[in-house]
Structure formats: structure tokens, C-alpha cells
>>> print(open('structure-v9.txt').read())   # compact mmCIF, C-alpha atoms
# COMPACT_ATOMS: atom_id res chain seq x y z
CA GLN A 7 0.00 0.00 0.00
CA VAL A 8 1.42 3.32 -1.07
CA GLN A 9 1.35 6.08 1.53
CA LEU A 10 2.21 9.74 1.13
CA VAL A 11 2.59 11.81 4.28
CA GLU A 12 3.05 15.56 4.12
CA SER A 13 4.58 17.72 6.82
CA GLY A 14 5.94 21.21 7.28
CA GLY A 15 2.82 23.30 7.00
CA GLY A 16 1.95 26.01 9.48
CA LEU A 17 1.27 29.68 10.04
CA VAL A 18 3.65 32.21 8.52
CA GLN A 19 3.60 35.93 7.89
CA ALA A 20 3.40 37.30 4.38
CA GLY A 21 6.86 37.42 2.85
CA GLY A 22 8.00 34.46 4.91
CA SER A 23 9.07 30.96 3.93
CA LEU A 24 8.08 27.37 4.55
CA ARG A 25 9.43 24.04 3.42
CA LEU A 26 6.94 21.25 2.87
CA SER A 27 8.03 17.63 2.89
CA CYS A 28 6.34 14.48 1.65
CA ALA A 29 7.48 11.01 2.67
CA VAL A 30 6.52 8.14 0.38
CA THR A 31 6.36 4.48 1.38
CA GLY A 32 5.03 1.28 -0.16
CA ARG A 33 6.42 1.69 -3.66
CA THR A 34 9.74 2.30 -5.30
CA PHE A 35 9.83 6.06 -5.02
CA SER A 36 12.09 6.57 -8.01
CA THR A 37 9.37 5.20 -10.30
CA LEU A 38 6.89 7.92 -9.32
CA LEU A 39 6.44 11.30 -10.94
CA MET A 40 5.65 13.60 -8.01
CA ALA A 41 3.71 16.81 -7.65
CA TRP A 42 2.23 19.29 -5.24
CA PHE A 43 -1.32 20.56 -5.48
CA ARG A 44 -3.20 22.92 -3.23
CA GLN A 45 -6.80 23.68 -2.37
CA ALA A 46 -8.03 26.89 -0.80
CA PRO A 47 -11.41 27.12 0.94
CA GLY A 48 -14.22 27.26 -1.57
CA LYS A 49 -11.89 26.66 -4.50
CA GLU A 50 -10.95 23.70 -6.65
CA ARG A 51 -7.72 21.82 -6.14
CA GLU A 52 -5.01 23.34 -8.30
CA PHE A 53 -1.62 22.25 -9.55
CA VAL A 54 1.45 23.83 -7.98
CA SER A 55 4.58 22.02 -9.17
CA SER A 56 5.75 18.65 -10.47
CA ILE A 57 9.05 16.82 -10.81
CA ILE A 58 9.82 13.79 -12.93
CA GLN A 59 11.29 10.55 -11.70
CA ARG A 60 14.91 11.50 -12.43
CA GLY A 61 14.40 14.93 -10.87
CA ASP A 62 15.78 16.89 -13.80
CA ILE A 63 12.55 18.28 -15.21
CA THR A 64 10.19 20.40 -13.15
CA THR A 65 6.99 22.16 -14.10
CA ASP A 66 5.49 25.03 -12.16
CA ALA A 67 2.20 26.84 -12.16
CA ASP A 68 2.54 30.42 -13.32
CA PHE A 69 1.63 31.80 -9.92
CA VAL A 70 4.59 30.15 -8.17
CA LYS A 71 7.43 30.70 -10.58
CA GLY A 72 10.36 32.37 -8.92
CA ARG A 73 8.94 31.77 -5.45
CA PHE A 74 8.50 27.99 -5.02
CA THR A 75 10.95 25.22 -5.79
CA ILE A 76 10.13 21.52 -5.97
CA SER A 77 12.85 18.95 -5.40
CA ARG A 78 13.20 15.28 -4.57
CA ASP A 79 15.63 12.92 -2.90
CA ASN A 80 15.22 9.43 -4.33
CA ALA A 81 17.58 7.98 -1.72
CA LYS A 82 15.30 9.20 1.07
CA ASN A 83 11.96 8.70 -0.70
CA MET A 84 11.15 12.36 -0.16
CA VAL A 85 9.79 15.23 -2.20
CA TYR A 86 9.96 18.83 -1.04
CA LEU A 87 8.38 22.18 -1.80
CA GLU A 88 10.42 25.19 -0.77
CA MET A 89 8.11 28.20 -0.61
CA ASN A 90 9.46 31.74 -0.39
CA SER A 91 7.88 35.20 -0.55
CA LEU A 92 4.60 33.75 0.61
CA LYS A 93 1.42 35.71 0.02
CA SER A 94 -1.96 35.55 1.73
CA GLU A 95 -3.38 33.98 -1.43
CA ASP A 96 -1.04 31.02 -0.94
CA THR A 97 -3.15 29.98 2.05
CA ALA A 98 -4.45 26.49 1.31
CA VAL A 99 -4.15 22.83 2.12
CA TYR A 100 -1.17 21.50 0.21
CA TYR A 101 -1.24 17.94 -1.10
CA CYS A 102 1.54 15.69 -2.27
CA ALA A 103 0.66 13.45 -5.23
CA GLY A 104 2.36 10.65 -7.13
CA SER A 105 1.85 9.26 -10.61
CA VAL A 106 3.01 5.93 -12.00
CA ASP A 107 3.00 7.37 -15.53
CA SER A 108 5.87 8.79 -17.48
CA TYR A 109 6.37 12.47 -18.10
CA PHE A 110 3.42 13.77 -20.13
CA PRO A 111 3.44 17.58 -20.21
CA GLY A 112 -0.15 17.87 -21.34
CA ARG A 113 -1.48 16.09 -18.27
CA LEU A 114 0.81 17.14 -15.43
CA LYS A 115 -1.66 19.71 -14.12
CA GLU A 116 -4.60 17.29 -14.02
CA ALA A 117 -5.43 15.75 -10.66
CA ALA A 118 -6.66 12.61 -12.45
CA PHE A 119 -3.12 11.98 -13.73
CA TYR A 120 -2.01 11.11 -10.21
CA ASN A 121 -2.63 7.74 -8.59
CA TYR A 122 -1.62 8.47 -5.01
CA TRP A 123 -2.37 11.35 -2.67
CA GLY A 124 -1.41 12.44 0.80
CA GLN A 125 -3.79 13.75 3.42
CA GLY A 126 -2.61 17.34 3.05
CA THR A 127 -0.90 19.91 5.23
CA GLN A 128 -2.35 23.33 6.03
CA VAL A 129 -0.42 26.44 5.06
CA THR A 130 -1.75 29.72 6.39
CA VAL A 131 -0.17 33.02 5.40
CA SER A 132 -1.16 36.03 7.45
CA SER A 133 -1.06 39.48 5.92
>>> encode(input="structure-v9.txt", output="C-alpha cells")
Amino acid sequence: QVQLVESGGGLVQAGGSLRLSCAVTGRTFSTLLMAWFRQAPGKEREFVSSIIQRGDITTDADFVKGRFTISRDNAKNMVYLEMNSLKSEDTAVYYCAGSVDSYFPGRLKEAAFYNYWGQGTQVTVSS
């Protein structure tokens, strides 16, 4: 059974930083394409960033470019989201997701592309 467990969320002031982590167990981590999504109250879940199995190709949503960085450590079965210059509109529950499929640029931002999901971690940015 594949499990994804996020951590690192919390309350931060606008302009601050947080680092989210996601630990993956139950499957060979290096075979999974990983991503972060988020969902704010009253809004649909939206794509944040993704990283392919090798870790050398990342894709970001327009609203995070230059502020967030996704990375992974295949030796530790971990994926991270470094978030800087946080804004109040970044407030959301952040979810880690994994896909067994290969890199497919046209589908990376679709939630249905991902087979496994974590339970989410709350990020609250105060203005």
C-alpha cells in the first residue's frame, strides 16, 4: 500500500518561507512522478509544481514561478516544496501526489493523472 505523508505546514507571515516535505512508502519512489497541489477554501484543487522521476525536469504553475521550488531525494523517498515570498493567497491545504505514468506535459496539471495522494498539510499566510 502506497502512503504519502506531508509535513511542514503552518502559520507564517506574508513574505515568509516554509518548506513542505512528503514522505513516500510502499512503492519504489524513483518510479513515481511527483507533484504538489493545493486547495483553498471554496476553490478547486489546483496544480502547484511537479518533478519527474529523475528529478531533472520540473513544471510550475505560473503563480509560483520564482517563489517555489520543488525537489526530490530518491535515496530518502522524499519530495519537497520550498516556498518563499509567501502571500496571503497562498493559504491552502497542500497535497503531495504521485503518478506511476511517465512524463506527459499535457497532463501534469490534471489531478486525475495522479494515482496516489497524501492527506494534506495546512499552510496559512497572514497578511
>>> residues_near_point(input="structure-v9.txt", point="(-0.9, 17.7, -15.7)", cutoff="12 Å", atoms="only C-alpha atoms", output="MDAnalysis selection string")
chainID A and resid 39:43 52:58 64:67 103:105 107:120
>>> closest_residue(input="structure-v9.txt", among="A:Arg60, A:Lys93, A:Lys49, A:Arg33", to="Ser77 of chain A", atoms="all atoms listed in the file")
A:Arg60
>>> atom_distance(input="structure-v9.txt", atom1="atom CA of Val131 of chain A", atom2="atom CA of Tyr100 of chain A")
12.7 Å
>>> atom_distance(input="structure-v9.txt", atom1="atom CA of Asn83 of chain A", atom2="atom CA of Cys28 of chain A")
8.4 Å
>>> atom_distance(input="structure-v9.txt", atom1="atom CA of Arg78 of chain A", atom2="atom CA of Gln59 of chain A")
8.8 Å
>>> closest_residue(input="structure-v9.txt", among="A:Tyr101, A:Ser133, A:Gly124, A:Glu88", to="Leu26 of chain A", atoms="all atoms listed in the file")
A:Glu88
>>> closest_residue(input="structure-v9.txt", among="A:Leu92, A:Val70, A:Leu17, A:Val99", to="Gly48 of chain A", atoms="only C-alpha atoms")
A:Val99
>>> closest_residue(input="structure-v9.txt", among="A:Asp96, A:Asp79, A:Asp62, A:Asp68", to="Gly16 of chain A", atoms="all atoms listed in the file")
A:Asp96
>>> closest_residue(input="structure-v9.txt", among="A:Gly15, A:Gly21, A:Gly32, A:Gly61", to="Gln128 of chain A", atoms="all atoms listed in the file")
A:Gly15
>>> decode(input="structure-v9.txt", residues="segment 35-54 of chain A", atoms="N, CA, C and O atoms", output="PDB file, in the first residue's frame")
ATOM      1  N   PHE A  35      10.071   4.631  -4.852  1.00  0.00           N
ATOM      2  CA  PHE A  35       9.828   6.061  -5.017  1.00  0.00           C
ATOM      3  C   PHE A  35      10.349   6.580  -6.346  1.00  0.00           C
ATOM      4  O   PHE A  35       9.728   7.422  -6.981  1.00  0.00           O
ATOM      5  N   SER A  36      11.468   6.056  -6.786  1.00  0.00           N
ATOM      6  CA  SER A  36      12.094   6.575  -8.008  1.00  0.00           C
ATOM      7  C   SER A  36      11.268   6.292  -9.261  1.00  0.00           C
ATOM      8  O   SER A  36      11.571   6.825 -10.325  1.00  0.00           O
ATOM      9  N   THR A  37      10.233   5.468  -9.153  1.00  0.00           N
ATOM     10  CA  THR A  37       9.369   5.200 -10.300  1.00  0.00           C
ATOM     11  C   THR A  37       8.194   6.165 -10.388  1.00  0.00           C
ATOM     12  O   THR A  37       7.437   6.136 -11.354  1.00  0.00           O
ATOM     13  N   LEU A  38       8.033   7.010  -9.386  1.00  0.00           N
ATOM     14  CA  LEU A  38       6.891   7.921  -9.324  1.00  0.00           C
ATOM     15  C   LEU A  38       7.253   9.321  -9.788  1.00  0.00           C
ATOM     16  O   LEU A  38       8.258   9.889  -9.356  1.00  0.00           O
ATOM     17  N   LEU A  39       6.406   9.879 -10.637  1.00  0.00           N
ATOM     18  CA  LEU A  39       6.444  11.299 -10.936  1.00  0.00           C
ATOM     19  C   LEU A  39       5.681  11.979  -9.798  1.00  0.00           C
ATOM     20  O   LEU A  39       4.558  11.569  -9.481  1.00  0.00           O
ATOM     21  N   MET A  40       6.257  12.995  -9.202  1.00  0.00           N
ATOM     22  CA  MET A  40       5.654  13.598  -8.013  1.00  0.00           C
ATOM     23  C   MET A  40       5.210  15.030  -8.270  1.00  0.00           C
ATOM     24  O   MET A  40       5.754  15.729  -9.138  1.00  0.00           O
ATOM     25  N   ALA A  41       4.237  15.460  -7.483  1.00  0.00           N
ATOM     26  CA  ALA A  41       3.707  16.812  -7.649  1.00  0.00           C
ATOM     27  C   ALA A  41       3.145  17.335  -6.337  1.00  0.00           C
ATOM     28  O   ALA A  41       2.892  16.567  -5.407  1.00  0.00           O
ATOM     29  N   TRP A  42       2.956  18.622  -6.323  1.00  0.00           N
ATOM     30  CA  TRP A  42       2.235  19.294  -5.240  1.00  0.00           C
ATOM     31  C   TRP A  42       1.019  19.995  -5.847  1.00  0.00           C
ATOM     32  O   TRP A  42       1.125  20.634  -6.902  1.00  0.00           O
ATOM     33  N   PHE A  43      -0.091  19.849  -5.167  1.00  0.00           N
ATOM     34  CA  PHE A  43      -1.320  20.564  -5.482  1.00  0.00           C
ATOM     35  C   PHE A  43      -1.725  21.339  -4.235  1.00  0.00           C
ATOM     36  O   PHE A  43      -1.214  21.095  -3.134  1.00  0.00           O
ATOM     37  N   ARG A  44      -2.675  22.232  -4.394  1.00  0.00           N
ATOM     38  CA  ARG A  44      -3.203  22.923  -3.234  1.00  0.00           C
ATOM     39  C   ARG A  44      -4.696  23.197  -3.431  1.00  0.00           C
ATOM     40  O   ARG A  44      -5.183  23.236  -4.560  1.00  0.00           O
ATOM     41  N   GLN A  45      -5.369  23.373  -2.324  1.00  0.00           N
ATOM     42  CA  GLN A  45      -6.801  23.682  -2.369  1.00  0.00           C
ATOM     43  C   GLN A  45      -7.131  24.684  -1.286  1.00  0.00           C
ATOM     44  O   GLN A  45      -6.963  24.408  -0.092  1.00  0.00           O
ATOM     45  N   ALA A  46      -7.601  25.848  -1.723  1.00  0.00           N
ATOM     46  CA  ALA A  46      -8.031  26.888  -0.797  1.00  0.00           C
ATOM     47  C   ALA A  46      -9.514  26.718  -0.505  1.00  0.00           C
ATOM     48  O   ALA A  46     -10.239  26.111  -1.303  1.00  0.00           O
ATOM     49  N   PRO A  47      -9.984  27.252   0.595  1.00  0.00           N
ATOM     50  CA  PRO A  47     -11.408  27.122   0.942  1.00  0.00           C
ATOM     51  C   PRO A  47     -12.299  27.653  -0.167  1.00  0.00           C
ATOM     52  O   PRO A  47     -12.091  28.760  -0.663  1.00  0.00           O
ATOM     53  N   GLY A  48     -13.278  26.846  -0.558  1.00  0.00           N
ATOM     54  CA  GLY A  48     -14.223  27.263  -1.571  1.00  0.00           C
ATOM     55  C   GLY A  48     -13.698  27.221  -2.992  1.00  0.00           C
ATOM     56  O   GLY A  48     -14.398  27.643  -3.922  1.00  0.00           O
ATOM     57  N   LYS A  49     -12.481  26.714  -3.166  1.00  0.00           N
ATOM     58  CA  LYS A  49     -11.892  26.664  -4.504  1.00  0.00           C
ATOM     59  C   LYS A  49     -11.543  25.230  -4.887  1.00  0.00           C
ATOM     60  O   LYS A  49     -11.447  24.352  -4.035  1.00  0.00           O
ATOM     61  N   GLU A  50     -11.343  25.019  -6.169  1.00  0.00           N
ATOM     62  CA  GLU A  50     -10.952  23.702  -6.652  1.00  0.00           C
ATOM     63  C   GLU A  50      -9.468  23.459  -6.365  1.00  0.00           C
ATOM     64  O   GLU A  50      -8.681  24.390  -6.234  1.00  0.00           O
ATOM     65  N   ARG A  51      -9.122  22.183  -6.310  1.00  0.00           N
ATOM     66  CA  ARG A  51      -7.723  21.816  -6.143  1.00  0.00           C
ATOM     67  C   ARG A  51      -6.956  22.258  -7.382  1.00  0.00           C
ATOM     68  O   ARG A  51      -7.408  22.048  -8.513  1.00  0.00           O
ATOM     69  N   GLU A  52      -5.781  22.852  -7.166  1.00  0.00           N
ATOM     70  CA  GLU A  52      -5.013  23.343  -8.302  1.00  0.00           C
ATOM     71  C   GLU A  52      -3.559  22.863  -8.236  1.00  0.00           C
ATOM     72  O   GLU A  52      -2.993  22.662  -7.163  1.00  0.00           O
ATOM     73  N   PHE A  53      -2.997  22.696  -9.393  1.00  0.00           N
ATOM     74  CA  PHE A  53      -1.618  22.251  -9.554  1.00  0.00           C
ATOM     75  C   PHE A  53      -0.660  23.336  -9.090  1.00  0.00           C
ATOM     76  O   PHE A  53      -0.863  24.524  -9.362  1.00  0.00           O
ATOM     77  N   VAL A  54       0.412  22.906  -8.423  1.00  0.00           N
ATOM     78  CA  VAL A  54       1.453  23.833  -7.977  1.00  0.00           C
ATOM     79  C   VAL A  54       2.752  23.557  -8.731  1.00  0.00           C
ATOM     80  O   VAL A  54       3.253  24.411  -9.441  1.00  0.00           O
TER      81      VAL A  54
END
